[in-house]
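To be precise, the following lines are query_2.tsv, and they hold TSV, N, CA, C and O atoms.
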chain	number	residue	atom	x	y	z
A	1	PRO	N	0.80	-1.23	0.00
A	1	PRO	CA	0.00	0.00	0.00
A	1	PRO	C	0.83	1.28	0.00
A	1	PRO	O	0.48	2.24	-0.65
A	2	ALA	N	1.95	1.28	0.71
A	2	ALA	CA	2.81	2.47	0.71
A	2	ALA	C	3.37	2.71	-0.69
A	2	ALA	O	3.51	3.86	-1.11
A	3	LEU	N	3.69	1.64	-1.39
A	3	LEU	CA	4.20	1.77	-2.75
A	3	LEU	C	3.15	2.42	-3.66
A	3	LEU	O	3.48	3.22	-4.53
A	4	LEU	N	1.89	2.09	-3.44
A	4	LEU	CA	0.82	2.70	-4.22
A	4	LEU	C	0.77	4.20	-3.98
A	4	LEU	O	0.64	4.99	-4.92
A	5	LEU	N	0.88	4.61	-2.73
A	5	LEU	CA	0.83	6.04	-2.41
A	5	LEU	C	2.03	6.78	-2.96
A	5	LEU	O	1.93	7.93	-3.36
A	6	ALA	N	3.18	6.10	-3.00
A	6	ALA	CA	4.40	6.73	-3.49
A	6	ALA	C	4.45	6.75	-5.01
A	6	ALA	O	5.33	7.39	-5.59
A	7	GLY	N	3.53	6.04	-5.65
A	7	GLY	CA	3.50	6.04	-7.11
A	7	GLY	C	4.44	5.03	-7.74
A	7	GLY	O	4.71	5.09	-8.92
A	8	GLY	N	4.95	4.09	-6.95
A	8	GLY	CA	5.86	3.09	-7.49
A	8	GLY	C	5.13	1.88	-8.01
A	8	GLY	O	3.98	1.64	-7.71
A	9	GLY	N	5.81	1.12	-8.82
A	9	GLY	CA	5.23	-0.11	-9.35
A	9	GLY	C	4.19	0.16	-10.41
A	9	GLY	O	3.85	1.30	-10.72
A	10	SER	N	3.70	-0.90	-11.01
A	10	SER	CA	2.67	-0.79	-12.03
A	10	SER	C	1.40	-1.39	-11.47
A	10	SER	O	1.31	-2.61	-11.28
A	11	ILE	N	0.40	-0.57	-11.21
A	11	ILE	CA	-0.82	-1.04	-10.57
A	11	ILE	C	-1.49	-2.13	-11.39
A	11	ILE	O	-1.82	-3.20	-10.88
A	12	LYS	N	-1.68	-1.91	-12.69
A	12	LYS	CA	-2.38	-2.89	-13.51
A	12	LYS	C	-1.55	-4.15	-13.75
A	12	LYS	O	-2.09	-5.21	-14.02
A	13	GLN	N	-0.25	-4.04	-13.64
A	13	GLN	CA	0.61	-5.22	-13.80
A	13	GLN	C	0.59	-6.08	-12.55
A	13	GLN	O	0.60	-7.30	-12.63
A	14	ASP	N	0.51	-5.45	-11.38
A	14	ASP	CA	0.62	-6.17	-10.11
A	14	ASP	C	-0.71	-6.47	-9.44
A	14	ASP	O	-0.78	-7.32	-8.56
A	15	TYR	N	-1.79	-5.77	-9.84
A	15	TYR	CA	-3.09	-5.91	-9.16
A	15	TYR	C	-4.23	-6.12	-10.15
A	15	TYR	O	-4.20	-5.62	-11.27
A	16	ILE	N	-5.24	-6.82	-9.70
A	16	ILE	CA	-6.52	-6.87	-10.40
A	16	ILE	C	-7.28	-5.64	-9.92
A	16	ILE	O	-7.53	-5.49	-8.72
A	17	VAL	N	-7.63	-4.76	-10.84
A	17	VAL	CA	-8.27	-3.49	-10.50
A	17	VAL	C	-9.74	-3.55	-10.90
A	17	VAL	O	-10.06	-3.93	-12.02
A	18	SER	N	-10.62	-3.19	-9.96
A	18	SER	CA	-12.04	-3.16	-10.28
A	18	SER	C	-12.71	-1.99	-9.56
A	18	SER	O	-12.27	-1.55	-8.50
A	19	ASP	N	-13.78	-1.50	-10.18
A	19	ASP	CA	-14.57	-0.42	-9.58
A	19	ASP	C	-15.52	-0.99	-8.54
A	19	ASP	O	-16.02	-2.10	-8.70
A	20	LEU	N	-15.75	-0.22	-7.51
A	20	LEU	CA	-16.75	-0.54	-6.49
A	20	LEU	C	-17.82	0.54	-6.53
A	20	LEU	O	-17.57	1.63	-7.03
A	21	PRO	N	-18.99	0.27	-5.98
A	21	PRO	CA	-20.03	1.30	-5.95
A	21	PRO	C	-19.57	2.52	-5.16
A	21	PRO	O	-18.87	2.40	-4.15
A	22	SER	N	-19.96	3.70	-5.62
A	22	SER	CA	-19.64	4.92	-4.87
A	22	SER	C	-20.51	4.99	-3.64
A	22	SER	O	-21.57	4.39	-3.56
A	23	SER	N	-20.00	5.72	-2.65
A	23	SER	CA	-20.75	5.86	-1.41
A	23	SER	C	-20.39	7.18	-0.75
A	23	SER	O	-19.22	7.52	-0.64
A	24	ASN	N	-21.40	7.93	-0.37
A	24	ASN	CA	-21.22	9.24	0.29
A	24	ASN	C	-20.33	10.16	-0.54
A	24	ASN	O	-19.49	10.87	0.02
A	25	GLY	N	-20.47	10.14	-1.86
A	25	GLY	CA	-19.70	11.03	-2.73
A	25	GLY	C	-18.28	10.57	-2.98
A	25	GLY	O	-17.50	11.29	-3.59
A	26	ILE	N	-17.93	9.38	-2.53
A	26	ILE	CA	-16.58	8.85	-2.73
A	26	ILE	C	-16.63	7.74	-3.77
A	26	ILE	O	-17.45	6.82	-3.68
A	27	GLU	N	-15.76	7.83	-4.78
A	27	GLU	CA	-15.63	6.81	-5.81
A	27	GLU	C	-14.57	5.81	-5.37
A	27	GLU	O	-13.46	6.21	-4.99
A	28	TRP	N	-14.90	4.51	-5.41
A	28	TRP	CA	-14.02	3.48	-4.87
A	28	TRP	C	-13.43	2.59	-5.96
A	28	TRP	O	-14.10	2.26	-6.93
A	29	VAL	N	-12.17	2.20	-5.76
A	29	VAL	CA	-11.47	1.24	-6.60
A	29	VAL	C	-10.92	0.15	-5.69
A	29	VAL	O	-10.39	0.45	-4.61
A	30	LYS	N	-11.04	-1.10	-6.13
A	30	LYS	CA	-10.52	-2.23	-5.34
A	30	LYS	C	-9.30	-2.80	-6.05
A	30	LYS	O	-9.31	-3.01	-7.26
A	31	LEU	N	-8.25	-3.06	-5.29
A	31	LEU	CA	-7.02	-3.66	-5.80
A	31	LEU	C	-6.78	-4.98	-5.07
A	31	LEU	O	-6.75	-5.01	-3.84
A	32	VAL	N	-6.61	-6.04	-5.85
A	32	VAL	CA	-6.31	-7.36	-5.30
A	32	VAL	C	-5.00	-7.82	-5.95
A	32	VAL	O	-4.90	-7.82	-7.18
A	33	PRO	N	-4.00	-8.20	-5.15
A	33	PRO	CA	-2.72	-8.64	-5.74
A	33	PRO	C	-2.93	-9.84	-6.67
A	33	PRO	O	-3.65	-10.77	-6.34
A	34	LYS	N	-2.30	-9.79	-7.85
A	34	LYS	CA	-2.38	-10.91	-8.79
A	34	LYS	C	-1.61	-12.11	-8.27
A	34	LYS	O	-2.00	-13.24	-8.46
A	35	ASN	N	-0.51	-11.85	-7.58
A	35	ASN	CA	0.33	-12.90	-7.02
A	35	ASN	C	0.15	-12.89	-5.51
A	35	ASN	O	0.61	-11.98	-4.83
A	36	SER	N	-0.51	-13.90	-4.97
A	36	SER	CA	-0.80	-13.91	-3.52
A	36	SER	C	0.47	-13.90	-2.68
A	36	SER	O	0.46	-13.48	-1.54
A	37	GLY	N	1.59	-14.38	-3.24
A	37	GLY	CA	2.85	-14.35	-2.50
A	37	GLY	C	3.52	-12.99	-2.52
A	37	GLY	O	4.52	-12.76	-1.87
A	38	ASP	N	2.94	-12.06	-3.27
A	38	ASP	CA	3.53	-10.74	-3.46
A	38	ASP	C	2.61	-9.67	-2.91
A	38	ASP	O	2.53	-8.56	-3.42
A	39	ASN	N	1.86	-10.01	-1.85
A	39	ASN	CA	0.80	-9.11	-1.39
A	39	ASN	C	1.19	-8.24	-0.19
A	39	ASN	O	0.37	-7.50	0.30
A	40	ASN	N	2.40	-8.37	0.31
A	40	ASN	CA	2.86	-7.57	1.45
A	40	ASN	C	1.92	-7.65	2.64
A	40	ASN	O	1.76	-6.71	3.39
A	41	GLY	N	1.25	-8.79	2.79
A	41	GLY	CA	0.39	-9.00	3.95
A	41	GLY	C	-1.05	-8.57	3.75
A	41	GLY	O	-1.84	-8.64	4.68
A	42	PHE	N	-1.41	-8.10	2.56
A	42	PHE	CA	-2.76	-7.61	2.32
A	42	PHE	C	-3.46	-8.42	1.24
A	42	PHE	O	-2.92	-8.68	0.19
A	43	LYS	N	-4.71	-8.81	1.53
A	43	LYS	CA	-5.55	-9.49	0.55
A	43	LYS	C	-6.17	-8.50	-0.43
A	43	LYS	O	-6.40	-8.82	-1.58
A	44	GLN	N	-6.46	-7.31	0.10
A	44	GLN	CA	-7.21	-6.35	-0.69
A	44	GLN	C	-6.97	-4.94	-0.17
A	44	GLN	O	-6.83	-4.73	1.03
A	45	VAL	N	-6.93	-4.00	-1.11
A	45	VAL	CA	-6.84	-2.58	-0.76
A	45	VAL	C	-7.94	-1.87	-1.52
A	45	VAL	O	-8.11	-2.09	-2.72
A	46	GLN	N	-8.70	-1.04	-0.83
A	46	GLN	CA	-9.71	-0.21	-1.47
A	46	GLN	C	-9.28	1.24	-1.32
A	46	GLN	O	-8.90	1.67	-0.24
A	47	ILE	N	-9.34	1.96	-2.44
A	47	ILE	CA	-8.92	3.35	-2.44
A	47	ILE	C	-10.11	4.21	-2.84
A	47	ILE	O	-10.75	3.96	-3.87
A	48	GLY	N	-10.43	5.21	-2.02
A	48	GLY	CA	-11.56	6.09	-2.28
A	48	GLY	C	-11.12	7.49	-2.66
A	48	GLY	O	-10.22	8.05	-2.03
A	49	PHE	N	-11.74	8.02	-3.72
A	49	PHE	CA	-11.40	9.35	-4.22
A	49	PHE	C	-12.62	10.25	-4.12
A	49	PHE	O	-13.74	9.86	-4.46
A	50	ASP	N	-12.39	11.48	-3.68
A	50	ASP	CA	-13.41	12.51	-3.60
A	50	ASP	C	-12.96	13.65	-4.51
A	50	ASP	O	-11.99	14.33	-4.19
A	51	HIS	N	-13.63	13.83	-5.66
A	51	HIS	CA	-13.25	14.86	-6.62
A	51	HIS	C	-11.77	14.72	-7.04
A	51	HIS	O	-11.01	15.67	-7.00
A	52	ASN	N	-11.36	13.51	-7.36
A	52	ASN	CA	-10.00	13.19	-7.81
A	52	ASN	C	-8.93	13.35	-6.73
A	52	ASN	O	-7.75	13.33	-7.03
A	53	ASN	N	-9.33	13.57	-5.50
A	53	ASN	CA	-8.39	13.63	-4.38
A	53	ASN	C	-8.51	12.36	-3.55
A	53	ASN	O	-9.61	11.85	-3.35
A	54	LEU	N	-7.40	11.88	-3.06
A	54	LEU	CA	-7.40	10.72	-2.18
A	54	LEU	C	-8.19	11.05	-0.92
A	54	LEU	O	-7.91	12.05	-0.25
A	55	ALA	N	-9.20	10.23	-0.61
A	55	ALA	CA	-10.06	10.50	0.55
A	55	ALA	C	-9.92	9.43	1.61
A	55	ALA	O	-9.87	9.73	2.81
A	56	GLN	N	-9.88	8.15	1.20
A	56	GLN	CA	-9.81	7.04	2.16
A	56	GLN	C	-9.08	5.86	1.56
A	56	GLN	O	-9.05	5.69	0.34
A	57	MET	N	-8.54	5.03	2.42
A	57	MET	CA	-8.00	3.73	2.03
A	57	MET	C	-8.48	2.72	3.06
A	57	MET	O	-8.49	3.00	4.25
A	58	LYS	N	-8.88	1.56	2.56
A	58	LYS	CA	-9.30	0.46	3.43
A	58	LYS	C	-8.47	-0.76	3.06
A	58	LYS	O	-8.23	-1.02	1.89
A	59	PHE	N	-8.05	-1.49	4.07
A	59	PHE	CA	-7.18	-2.64	3.88
A	59	PHE	C	-7.79	-3.87	4.54
A	59	PHE	O	-8.35	-3.78	5.62
A	60	ILE	N	-7.64	-5.00	3.89
A	60	ILE	CA	-7.97	-6.29	4.49
A	60	ILE	C	-6.69	-7.11	4.43
A	60	ILE	O	-6.16	-7.37	3.35
A	61	ASP	N	-6.17	-7.50	5.61
A	61	ASP	CA	-4.91	-8.22	5.63
A	61	ASP	C	-5.15	-9.73	5.54
A	61	ASP	O	-6.28	-10.19	5.41
A	62	ASN	N	-4.06	-10.49	5.57
A	62	ASN	CA	-4.14	-11.94	5.42
A	62	ASN	C	-4.87	-12.63	6.58
A	62	ASN	O	-5.20	-13.81	6.48
A	63	PHE	N	-5.09	-11.93	7.68
A	63	PHE	CA	-5.82	-12.49	8.82
A	63	PHE	C	-7.25	-11.97	8.86
A	63	PHE	O	-7.93	-12.09	9.87
A	64	ASP	N	-7.68	-11.32	7.77
A	64	ASP	CA	-9.01	-10.72	7.65
A	64	ASP	C	-9.24	-9.55	8.60
A	64	ASP	O	-10.38	-9.18	8.86
A	65	ASN	N	-8.17	-8.96	9.13
A	65	ASN	CA	-8.29	-7.73	9.90
A	65	ASN	C	-8.55	-6.58	8.94
A	65	ASN	O	-7.99	-6.54	7.84
A	66	LYS	N	-9.37	-5.64	9.34
A	66	LYS	CA	-9.72	-4.50	8.50
A	66	LYS	C	-9.19	-3.22	9.12
A	66	LYS	O	-9.35	-2.99	10.31
A	67	SER	N	-8.56	-2.41	8.28
A	67	SER	CA	-8.06	-1.11	8.71
A	67	SER	C	-8.58	-0.06	7.74
A	67	SER	O	-8.75	-0.34	6.55
A	68	SER	N	-8.80	1.14	8.25
A	68	SER	CA	-9.29	2.21	7.41
A	68	SER	C	-8.53	3.49	7.75
A	68	SER	O	-8.30	3.78	8.93
A	69	ILE	N	-8.16	4.24	6.72
A	69	ILE	CA	-7.47	5.51	6.89
A	69	ILE	C	-8.28	6.57	6.15
A	69	ILE	O	-8.65	6.38	5.00
A	70	THR	N	-8.54	7.68	6.81
A	70	THR	CA	-9.22	8.81	6.19
A	70	THR	C	-8.22	9.94	6.01
A	70	THR	O	-7.51	10.30	6.95
A	71	PHE	N	-8.16	10.49	4.81
A	71	PHE	CA	-7.23	11.58	4.49
A	71	PHE	C	-8.00	12.89	4.43
A	71	PHE	O	-9.06	12.98	3.82
A	72	THR	N	-7.45	13.91	5.07
A	72	THR	CA	-8.04	15.25	5.00
A	72	THR	C	-6.93	16.24	4.68
A	72	THR	O	-5.75	16.00	5.00
A	73	ASN	N	-7.29	17.32	4.04
A	73	ASN	CA	-6.33	18.38	3.70
A	73	ASN	C	-5.10	17.82	2.99
A	73	ASN	O	-3.97	18.15	3.33
A	74	VAL	N	-5.32	16.96	1.99
A	74	VAL	CA	-4.23	16.34	1.24
A	74	VAL	C	-3.55	17.41	0.39
A	74	VAL	O	-4.20	18.17	-0.33
A	75	GLN	N	-2.23	17.47	0.50
A	75	GLN	CA	-1.44	18.41	-0.29
A	75	GLN	C	-0.36	17.62	-1.02
A	75	GLN	O	0.29	16.76	-0.43
A	76	THR	N	-0.16	17.93	-2.29
A	76	THR	CA	0.89	17.27	-3.06
A	76	THR	C	1.93	18.29	-3.49
A	76	THR	O	1.65	19.50	-3.54
A	77	GLY	N	3.12	17.81	-3.80
A	77	GLY	CA	4.18	18.69	-4.26
A	77	GLY	C	4.75	19.59	-3.19
A	77	GLY	O	5.36	20.61	-3.50
A	78	VAL	N	4.56	19.25	-1.93
A	78	VAL	CA	5.05	20.07	-0.82
A	78	VAL	C	6.45	19.60	-0.44
A	78	VAL	O	6.69	18.41	-0.28
A	79	ASN	N	7.38	20.52	-0.32
A	79	ASN	CA	8.73	20.18	0.12
A	79	ASN	C	8.75	20.05	1.64
A	79	ASN	O	8.37	20.98	2.35
A	80	ILE	N	9.18	18.89	2.09
A	80	ILE	CA	9.26	18.63	3.53
A	80	ILE	C	10.72	18.58	3.92
A	80	ILE	O	11.50	17.81	3.33
A	81	PRO	N	11.13	19.37	4.90
A	81	PRO	CA	12.54	19.37	5.30
A	81	PRO	C	12.97	18.03	5.89
A	81	PRO	O	12.19	17.36	6.58
A	82	MET	N	14.19	17.61	5.60
A	82	MET	CA	14.72	16.35	6.11
A	82	MET	C	14.69	16.31	7.64
A	82	MET	O	14.57	15.25	8.23
A	83	SER	N	14.76	17.46	8.28
A	83	SER	CA	14.73	17.49	9.75
A	83	SER	C	13.41	16.95	10.30
A	83	SER	O	13.36	16.54	11.45
A	84	ASP	N	12.36	16.93	9.49
A	84	ASP	CA	11.09	16.36	9.94
A	84	ASP	C	11.16	14.84	10.06
A	84	ASP	O	10.27	14.22	10.64
A	85	PHE	N	12.20	14.23	9.52
A	85	PHE	CA	12.34	12.78	9.53
A	85	PHE	C	13.42	12.30	10.49
A	85	PHE	O	13.92	11.19	10.38
A	86	THR	N	13.78	13.11	11.45
A	86	THR	CA	14.79	12.74	12.44
A	86	THR	C	14.14	11.90	13.53
A	86	THR	O	13.10	12.27	14.08
A	87	PHE	N	14.74	10.75	13.81
A	87	PHE	CA	14.22	9.86	14.85
A	87	PHE	C	15.16	9.89	16.04
A	87	PHE	O	16.35	9.65	15.91
A	88	THR	N	14.62	10.19	17.20
A	88	THR	CA	15.38	10.16	18.45
A	88	THR	C	14.71	9.14	19.35
A	88	THR	O	13.59	9.38	19.82
A	89	PRO	N	15.36	8.00	19.58
A	89	PRO	CA	14.73	6.99	20.43
A	89	PRO	C	14.61	7.47	21.87
A	89	PRO	O	15.48	8.19	22.36
A	90	PRO	N	13.55	7.09	22.54
A	90	PRO	CA	13.41	7.48	23.94
A	90	PRO	C	14.44	6.78	24.82
A	90	PRO	O	15.00	5.75	24.45
A	91	ASN	N	14.70	7.35	25.98
A	91	ASN	CA	15.65	6.76	26.93
A	91	ASN	C	15.20	5.35	27.31
A	91	ASN	O	14.01	5.08	27.45
A	92	GLY	N	16.18	4.45	27.45
A	92	GLY	CA	15.89	3.09	27.88
A	92	GLY	C	15.51	2.14	26.76
A	92	GLY	O	15.19	0.98	27.01
A	93	VAL	N	15.54	2.62	25.51
A	93	VAL	CA	15.17	1.78	24.37
A	93	VAL	C	16.44	1.26	23.72
A	93	VAL	O	17.40	1.99	23.51
A	94	ASP	N	16.44	-0.05	23.40
A	94	ASP	CA	17.56	-0.63	22.67
A	94	ASP	C	17.34	-0.41	21.19
A	94	ASP	O	16.24	-0.64	20.66
A	95	VAL	N	18.36	0.04	20.48
A	95	VAL	CA	18.29	0.25	19.04
A	95	VAL	C	19.20	-0.77	18.38
A	95	VAL	O	20.38	-0.86	18.71
A	96	ILE	N	18.63	-1.53	17.47
A	96	ILE	CA	19.40	-2.54	16.73
A	96	ILE	C	19.54	-2.06	15.29
A	96	ILE	O	18.54	-1.84	14.60
A	97	LEU	N	20.77	-1.86	14.85
A	97	LEU	CA	21.02	-1.39	13.49
A	97	LEU	C	21.26	-2.57	12.58
A	97	LEU	O	21.88	-3.56	12.96
A	98	SER	N	20.79	-2.45	11.37
A	98	SER	CA	20.94	-3.51	10.38
A	98	SER	C	21.71	-2.98	9.19
A	98	SER	O	21.58	-1.82	8.82
A	99	ASP	N	22.46	-3.86	8.56
A	99	ASP	CA	23.22	-3.47	7.37
A	99	ASP	C	22.39	-3.58	6.11
A	99	ASP	O	22.87	-3.29	5.03
A	100	GLY	N	21.18	-4.02	6.19
A	100	GLY	CA	20.51	-4.18	4.92
A	100	GLY	C	19.08	-4.29	4.94
A	100	GLY	O	18.38	-4.34	4.05
Let's see the structure in the file written out as C-alpha coordinates.
Amino acid sequence: PALLLAGGGSIKQDYIVSDLPSSNGIEWVKLVPKNSGDNNGFKQVQIGFDHNNLAQMKFIDNFDNKSSITFTNVQTGVNIPMSDFTFTPPNGVDVILSDG
(Lines of atoms letter the chains of each structure in order from A and count residues from 1; the text may use other names and numbers.)
(Lines give C-alpha, C1' and ligand atoms only; values in the text may rest on other atoms or scores of the structure.)
Protein backbone atom coordinates (compact mmCIF):
# COMPACT_ATOMS: atom_id res chain seq x y z
CA PRO A 1 0.00 0.00 0.00
CA ALA A 2 2.81 2.47 0.71
CA LEU A 3 4.20 1.77 -2.75
CA LEU A 4 0.82 2.70 -4.22
CA LEU A 5 0.83 6.04 -2.41
CA ALA A 6 4.40 6.73 -3.49
CA GLY A 7 3.50 6.04 -7.11
CA GLY A 8 5.86 3.09 -7.49
CA GLY A 9 5.23 -0.11 -9.35
CA SER A 10 2.67 -0.79 -12.03
CA ILE A 11 -0.82 -1.04 -10.57
CA LYS A 12 -2.38 -2.89 -13.51
CA GLN A 13 0.61 -5.22 -13.80
CA ASP A 14 0.62 -6.17 -10.11
CA TYR A 15 -3.09 -5.91 -9.16
CA ILE A 16 -6.52 -6.87 -10.40
CA VAL A 17 -8.27 -3.49 -10.50
CA SER A 18 -12.04 -3.16 -10.28
CA ASP A 19 -14.57 -0.42 -9.58
CA LEU A 20 -16.75 -0.54 -6.49
CA PRO A 21 -20.03 1.30 -5.95
CA SER A 22 -19.64 4.92 -4.87
CA SER A 23 -20.75 5.86 -1.41
CA ASN A 24 -21.22 9.24 0.29
CA GLY A 25 -19.70 11.03 -2.73
CA ILE A 26 -16.58 8.85 -2.73
CA GLU A 27 -15.63 6.81 -5.81
CA TRP A 28 -14.02 3.48 -4.87
CA VAL A 29 -11.47 1.24 -6.60
CA LYS A 30 -10.52 -2.23 -5.34
CA LEU A 31 -7.02 -3.66 -5.80
CA VAL A 32 -6.31 -7.36 -5.30
CA PRO A 33 -2.72 -8.64 -5.74
CA LYS A 34 -2.38 -10.91 -8.79
CA ASN A 35 0.33 -12.90 -7.02
CA SER A 36 -0.80 -13.91 -3.52
CA GLY A 37 2.85 -14.35 -2.50
CA ASP A 38 3.53 -10.74 -3.46
CA ASN A 39 0.80 -9.11 -1.39
CA ASN A 40 2.86 -7.57 1.45
CA GLY A 41 0.39 -9.00 3.95
CA PHE A 42 -2.76 -7.61 2.32
CA LYS A 43 -5.55 -9.49 0.55
CA GLN A 44 -7.21 -6.35 -0.69
CA VAL A 45 -6.84 -2.58 -0.76
CA GLN A 46 -9.71 -0.21 -1.47
CA ILE A 47 -8.92 3.35 -2.44
CA GLY A 48 -11.56 6.09 -2.28
CA PHE A 49 -11.40 9.35 -4.22
CA ASP A 50 -13.41 12.51 -3.60
CA HIS A 51 -13.25 14.86 -6.62
CA ASN A 52 -10.00 13.19 -7.81
CA ASN A 53 -8.39 13.63 -4.38
CA LEU A 54 -7.40 10.72 -2.18
CA ALA A 55 -10.06 10.50 0.55
CA GLN A 56 -9.81 7.04 2.16
CA MET A 57 -8.00 3.73 2.03
CA LYS A 58 -9.30 0.46 3.43
CA PHE A 59 -7.18 -2.64 3.88
CA ILE A 60 -7.97 -6.29 4.49
CA ASP A 61 -4.91 -8.22 5.63
CA ASN A 62 -4.14 -11.94 5.42
CA PHE A 63 -5.82 -12.49 8.82
CA ASP A 64 -9.01 -10.72 7.65
CA ASN A 65 -8.29 -7.73 9.90
CA LYS A 66 -9.72 -4.50 8.50
CA SER A 67 -8.06 -1.11 8.71
CA SER A 68 -9.29 2.21 7.41
CA ILE A 69 -7.47 5.51 6.89
CA THR A 70 -9.22 8.81 6.19
CA PHE A 71 -7.23 11.58 4.49
CA THR A 72 -8.04 15.25 5.00
CA ASN A 73 -6.33 18.38 3.70
CA VAL A 74 -4.23 16.34 1.24
CA GLN A 75 -1.44 18.41 -0.29
CA THR A 76 0.89 17.27 -3.06
CA GLY A 77 4.18 18.69 -4.26
CA VAL A 78 5.05 20.07 -0.82
CA ASN A 79 8.73 20.18 0.12
CA ILE A 80 9.26 18.63 3.53
CA PRO A 81 12.54 19.37 5.30
CA MET A 82 14.72 16.35 6.11
CA SER A 83 14.73 17.49 9.75
CA ASP A 84 11.09 16.36 9.94
CA PHE A 85 12.34 12.78 9.53
CA THR A 86 14.79 12.74 12.44
CA PHE A 87 14.22 9.86 14.85
CA THR A 88 15.38 10.16 18.45
CA PRO A 89 14.73 6.99 20.43
CA PRO A 90 13.41 7.48 23.94
CA ASN A 91 15.65 6.76 26.93
CA GLY A 92 15.89 3.09 27.88
CA VAL A 93 15.17 1.78 24.37
CA ASP A 94 17.56 -0.63 22.67
CA VAL A 95 18.29 0.25 19.04
CA ILE A 96 19.40 -2.54 16.73
CA LEU A 97 21.02 -1.39 13.49
CA SER A 98 20.94 -3.51 10.38
CA ASP A 99 23.22 -3.47 7.37
CA GLY A 100 20.51 -4.18 4.92
- Task: Find, counting only N, CA, C and O atoms, the residue in A:Leu54, A:Lys30, A:Pro21, A:Phe42 that gets nearest to Thr72 in chain A.
- Result: A:Leu54
- Do you have the atom N of Gly37 in chain A-atom O of Ile16 in chain A distance handy? 13.9 Å
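Using only C-alpha atoms for every distance, the candidate list A:Ser22, A:Thr86, A:Gln44, A:Gln13 yields A:Gln44 as the residue closest to Phe63 in chain A.
Going from atom C of Gly48 in chain A to atom O of Pro81 in chain A covers 26.9 Å.
Note that the spacing between CA of Asn79 in chain A and CA of Met57 in chain A amounts to 23.5 Å.
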- Residue contacts of Phe49 in chain A (8 Å, only C-alpha atoms) excluding same-chain residues fewer than 5 positions away, as a VMD selection string: chain A and resid 26 to 28 54 to 56
How would the residues just chosen look if you wrote them out with N, CA, C and O atoms as an mmCIF file, in the coordinates of the input?
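Here's the written file selection34.cif:
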data_model
loop_
_atom_site.group_PDB
_atom_site.id
_atom_site.type_symbol
_atom_site.label_atom_id
_atom_site.label_comp_id
_atom_site.auth_asym_id
_atom_site.auth_seq_id
_atom_site.Cartn_x
_atom_site.Cartn_y
_atom_site.Cartn_z
ATOM 1 N N ILE A 26 -17.930 9.380 -2.530
ATOM 2 C CA ILE A 26 -16.580 8.850 -2.730
ATOM 3 C C ILE A 26 -16.630 7.740 -3.770
ATOM 4 O O ILE A 26 -17.450 6.820 -3.680
ATOM 5 N N GLU A 27 -15.760 7.830 -4.780
ATOM 6 C CA GLU A 27 -15.630 6.810 -5.810
ATOM 7 C C GLU A 27 -14.570 5.810 -5.370
ATOM 8 O O GLU A 27 -13.460 6.210 -4.990
ATOM 9 N N TRP A 28 -14.900 4.510 -5.410
ATOM 10 C CA TRP A 28 -14.020 3.480 -4.870
ATOM 11 C C TRP A 28 -13.430 2.590 -5.960
ATOM 12 O O TRP A 28 -14.100 2.260 -6.930
ATOM 13 N N LEU A 54 -7.400 11.880 -3.060
ATOM 14 C CA LEU A 54 -7.400 10.720 -2.180
ATOM 15 C C LEU A 54 -8.190 11.050 -0.920
ATOM 16 O O LEU A 54 -7.910 12.050 -0.250
ATOM 17 N N ALA A 55 -9.200 10.230 -0.610
ATOM 18 C CA ALA A 55 -10.060 10.500 0.550
ATOM 19 C C ALA A 55 -9.920 9.430 1.610
ATOM 20 O O ALA A 55 -9.870 9.730 2.810
ATOM 21 N N GLN A 56 -9.880 8.150 1.200
ATOM 22 C CA GLN A 56 -9.810 7.040 2.160
ATOM 23 C C GLN A 56 -9.080 5.860 1.560
ATOM 24 O O GLN A 56 -9.050 5.690 0.340
#
- If you run DSSP on the backbone, which residues of range 3-65 of chain A are helix (DSSP H, G or I), as a ChimeraX atom specification? /A:3-6,11-14,36-38
Do you know which residues are at most 8 Å from Asn40 in chain A counting all atoms listed in the file, after dropping those on the same chain fewer than 2 positions away, and could you put them as a tab-separated table (two decimals) with N, CA, C and O atoms, in the frame of the given file?
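Output below, filename part.tsv:
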chain	number	residue	atom	x	y	z
A	1	PRO	N	0.80	-1.23	0.00
A	1	PRO	CA	0.00	0.00	0.00
A	1	PRO	C	0.83	1.28	0.00
A	1	PRO	O	0.48	2.24	-0.65
A	33	PRO	N	-4.00	-8.20	-5.15
A	33	PRO	CA	-2.72	-8.64	-5.74
A	33	PRO	C	-2.93	-9.84	-6.67
A	33	PRO	O	-3.65	-10.77	-6.34
A	35	ASN	N	-0.51	-11.85	-7.58
A	35	ASN	CA	0.33	-12.90	-7.02
A	35	ASN	C	0.15	-12.89	-5.51
A	35	ASN	O	0.61	-11.98	-4.83
A	36	SER	N	-0.51	-13.90	-4.97
A	36	SER	CA	-0.80	-13.91	-3.52
A	36	SER	C	0.47	-13.90	-2.68
A	36	SER	O	0.46	-13.48	-1.54
A	37	GLY	N	1.59	-14.38	-3.24
A	37	GLY	CA	2.85	-14.35	-2.50
A	37	GLY	C	3.52	-12.99	-2.52
A	37	GLY	O	4.52	-12.76	-1.87
A	38	ASP	N	2.94	-12.06	-3.27
A	38	ASP	CA	3.53	-10.74	-3.46
A	38	ASP	C	2.61	-9.67	-2.91
A	38	ASP	O	2.53	-8.56	-3.42
A	42	PHE	N	-1.41	-8.10	2.56
A	42	PHE	CA	-2.76	-7.61	2.32
A	42	PHE	C	-3.46	-8.42	1.24
A	42	PHE	O	-2.92	-8.68	0.19
A	43	LYS	N	-4.71	-8.81	1.53
A	43	LYS	CA	-5.55	-9.49	0.55
A	43	LYS	C	-6.17	-8.50	-0.43
A	43	LYS	O	-6.40	-8.82	-1.58
A	60	ILE	N	-7.64	-5.00	3.89
A	60	ILE	CA	-7.97	-6.29	4.49
A	60	ILE	C	-6.69	-7.11	4.43
A	60	ILE	O	-6.16	-7.37	3.35
A	61	ASP	N	-6.17	-7.50	5.61
A	61	ASP	CA	-4.91	-8.22	5.63
A	61	ASP	C	-5.15	-9.73	5.54
A	61	ASP	O	-6.28	-10.19	5.41
A	62	ASN	N	-4.06	-10.49	5.57
A	62	ASN	CA	-4.14	-11.94	5.42
A	62	ASN	C	-4.87	-12.63	6.58
A	62	ASN	O	-5.20	-13.81	6.48
- Could you please write out, as a PyMOL selection string, every residue of chain A that DSSP assigns to strand (DSSP E)? chain A and resi 15-23+26-33+42-50+53-61+66-70
- Which residue out of A:Gln75, A:Lys12, A:Gly92, A:Gly41 has the minimum interatomic distance to Asn53 in chain A when only C-alpha atoms are used? A:Gln75
